[in-house]
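Take a look at the structure below.
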Amino acid sequence: MKKVIFLFCVLIAVTIFSQKKFDVMYEADYILNYKMSNASHYKKETTFALLINEKSSFFKDLHRYISDSLMVEKKLNSLEEAMKYNTDFRGYIGTTAAKFYVTDEINYSYFEYEERNDINWKIKNEFKTVAGYTCQKAETTKYGRTWIAWFAPEIPFQFGPYKFNGLPGLIAEVYDTKDDYHYILYSFRKRKYICKSANIVTNVKKLTKEKVSEVLKNRLAGMMQLHEKYIENKEDLEMIRRNAVEAEKNYNPIELSIY
């Protein structure tokens, strides 16, 4: 446990406040049901905030949104408090009409890349109600999956959860055909404030998406180096190694391919 606390404190120590703020006009909140392992029959759940203005959006897990806000306000003072906001999704995604700006954390280090915003949708003549809004169906193939989206024309913003955007209305629901990742809107409201904690990390290494993908694929090697450095019991280390190999084999990320 002391080793885990030490590593978490290292992470907190390198998280320094920066000037990456976001001018918020509206906020859309989503529930994500997801399955990160093909070995599991059960899904996990978390929530996300999509911050919106006229030209761009900013997407982050609500647990991270709250903890970052508390850190900026200097109200997150203990490890126990910080652990309440732990999440599988520690990265941030900024979206404009031309590009995605992605910051992600891998093995306690932060990486940043830009990606062209070029999702091509096929709009269908099908409709249903999502979160009280009449929505129309659209489909796309992206990141190694086929996605189905339902967008609300009465909400005139071409944004949505994760990197999904570019439809004539806010995306209220989107999921892949295997239903491994399923976002659904549960709240949309007008806001008017400057989010000071949009992206508070510094010491970020800028790479191409291809390089970040390589780092992600090698994350287990980095984690094992950390375990080998801080865990002395050989039986514990071997058990962790076996579990890590099994987890890698069954890993089911939202992006099965980078394009």
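Labels used: A, B, ... for chains in the order of the structure tokens, numbers from 1 for residues in each chain, and numbers from 1 for ligands as shown.
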Set out as a tab-separated table a contact list for range 69-188 of chain A and range 199-215 of chain A with a cut-off of 12 Å, giving each residue of range 69-188 of chain A that qualifies its closest atom pair and distance in Å to one decimal, counting only C-alpha atoms, ordered by chain and rising residue number.
residue	atom	partner	partner_atom	distance
A:Ser69	CA	A:Ile200	CA	9.2
A:Leu70	CA	A:Ile200	CA	11.4
A:Met71	CA	A:Ile200	CA	9.1
A:Val72	CA	A:Ile200	CA	8.1
A:Glu73	CA	A:Ile200	CA	11.9
A:Arg90	CA	A:Asn199	CA	10.8
A:Gly91	CA	A:Asn199	CA	9.1
A:Tyr92	CA	A:Asn199	CA	7.1
A:Ile93	CA	A:Asn199	CA	9.4
A:Gly94	CA	A:Asn199	CA	9.6
A:Phe100	CA	A:Lys209	CA	10.8
A:Tyr101	CA	A:Lys209	CA	10.4
A:Val102	CA	A:Lys209	CA	9.0
A:Thr103	CA	A:Val204	CA	8.0
A:Asp104	CA	A:Val212	CA	8.8
A:Glu105	CA	A:Val204	CA	9.3
A:Ile106	CA	A:Val215	CA	7.6
A:Asn107	CA	A:Val215	CA	9.3
A:Tyr108	CA	A:Val204	CA	11.0
A:Ser109	CA	A:Val204	CA	7.6
A:Tyr110	CA	A:Val204	CA	5.0
A:Phe111	CA	A:Lys205	CA	4.8
A:Glu112	CA	A:Lys206	CA	4.7
A:Tyr113	CA	A:Thr208	CA	5.4
A:Glu114	CA	A:Thr208	CA	7.0
A:Glu115	CA	A:Lys209	CA	7.1
A:Arg116	CA	A:Lys209	CA	10.4
Take the selection from the previous step and output its residues with C-alpha atoms, as a PDB file, in the first residue's frame.
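Contents of result_3.pdb, as written:
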ATOM      1  CA  SER A  69     -11.406  21.890 -10.056  1.00  0.00           C
ATOM      2  CA  LEU A  70     -10.746  21.134  -6.385  1.00  0.00           C
ATOM      3  CA  MET A  71      -6.998  21.189  -7.016  1.00  0.00           C
ATOM      4  CA  VAL A  72      -7.196  24.569  -8.740  1.00  0.00           C
ATOM      5  CA  GLU A  73      -9.187  25.926  -5.783  1.00  0.00           C
ATOM      6  CA  ARG A  90      -7.730  10.467 -17.053  1.00  0.00           C
ATOM      7  CA  GLY A  91      -7.265  12.205 -20.409  1.00  0.00           C
ATOM      8  CA  TYR A  92      -8.794  15.275 -22.042  1.00  0.00           C
ATOM      9  CA  ILE A  93     -10.126  15.902 -25.556  1.00  0.00           C
ATOM     10  CA  GLY A  94     -10.530  19.325 -27.134  1.00  0.00           C
ATOM     11  CA  PHE A 100      -8.839  17.039 -31.999  1.00  0.00           C
ATOM     12  CA  TYR A 101      -6.376  18.051 -29.286  1.00  0.00           C
ATOM     13  CA  VAL A 102      -5.796  15.052 -27.023  1.00  0.00           C
ATOM     14  CA  THR A 103      -3.913  14.846 -23.740  1.00  0.00           C
ATOM     15  CA  ASP A 104      -3.598  11.405 -22.182  1.00  0.00           C
ATOM     16  CA  GLU A 105      -1.852   9.807 -19.233  1.00  0.00           C
ATOM     17  CA  ILE A 106       0.153   6.621 -19.624  1.00  0.00           C
ATOM     18  CA  ASN A 107       2.174   5.168 -16.746  1.00  0.00           C
ATOM     19  CA  TYR A 108       2.072   8.444 -14.796  1.00  0.00           C
ATOM     20  CA  SER A 109       3.380  10.504 -17.722  1.00  0.00           C
ATOM     21  CA  TYR A 110       1.360  12.833 -19.961  1.00  0.00           C
ATOM     22  CA  PHE A 111       1.374  12.814 -23.744  1.00  0.00           C
ATOM     23  CA  GLU A 112      -0.271  15.181 -26.194  1.00  0.00           C
ATOM     24  CA  TYR A 113      -1.152  14.792 -29.853  1.00  0.00           C
ATOM     25  CA  GLU A 114      -3.253  16.435 -32.540  1.00  0.00           C
ATOM     26  CA  GLU A 115      -5.542  14.519 -34.877  1.00  0.00           C
ATOM     27  CA  ARG A 116      -7.443  15.623 -37.955  1.00  0.00           C
TER      28      ARG A 116
END
For CA of Lys35 in chain A and CA of Tyr143 in chain A, determine how far apart the two atoms are, in Å to one decimal place.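 So the answer is 16.1 Å.
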Given only C-alpha atoms as the counted atoms, nearest of A:Leu76, A:His41, A:Asn165, A:Tyr85 to Ala98 in chain A: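 Using only C-alpha atoms, the shortest distance to Ala98 in chain A belongs to A:Asn165.
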Please indicate the distance in Å from CA of Ala28 in chain A to CA of Lys84 in chain A, rounded to one decimal place.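 Straight-line distance from CA of Ala28 in chain A to CA of Lys84 in chain A works out to 22.6 Å.
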Residues near Gly160 in chain A, cut-off 12 Å, only C-alpha atoms, skip fewer than 6 positions along chain, as a PyMOL selection string: chain A and resi 27-30+48-52+56-60+93-96+149-152+166-175+183-185+188
Would you please extract all helix (DSSP H, G or I) residues from range 31-163 of chain A, as assigned by DSSP on the backbone, and give them as a list of chain:residue names? A:Leu62, A:His63, A:Arg64, A:Tyr65, A:Ile66, A:Ser67, A:Asp68, A:Ser69, A:Leu70, A:Met71, A:Val72, A:Leu79, A:Glu80, A:Glu81, A:Ala82, A:Met83
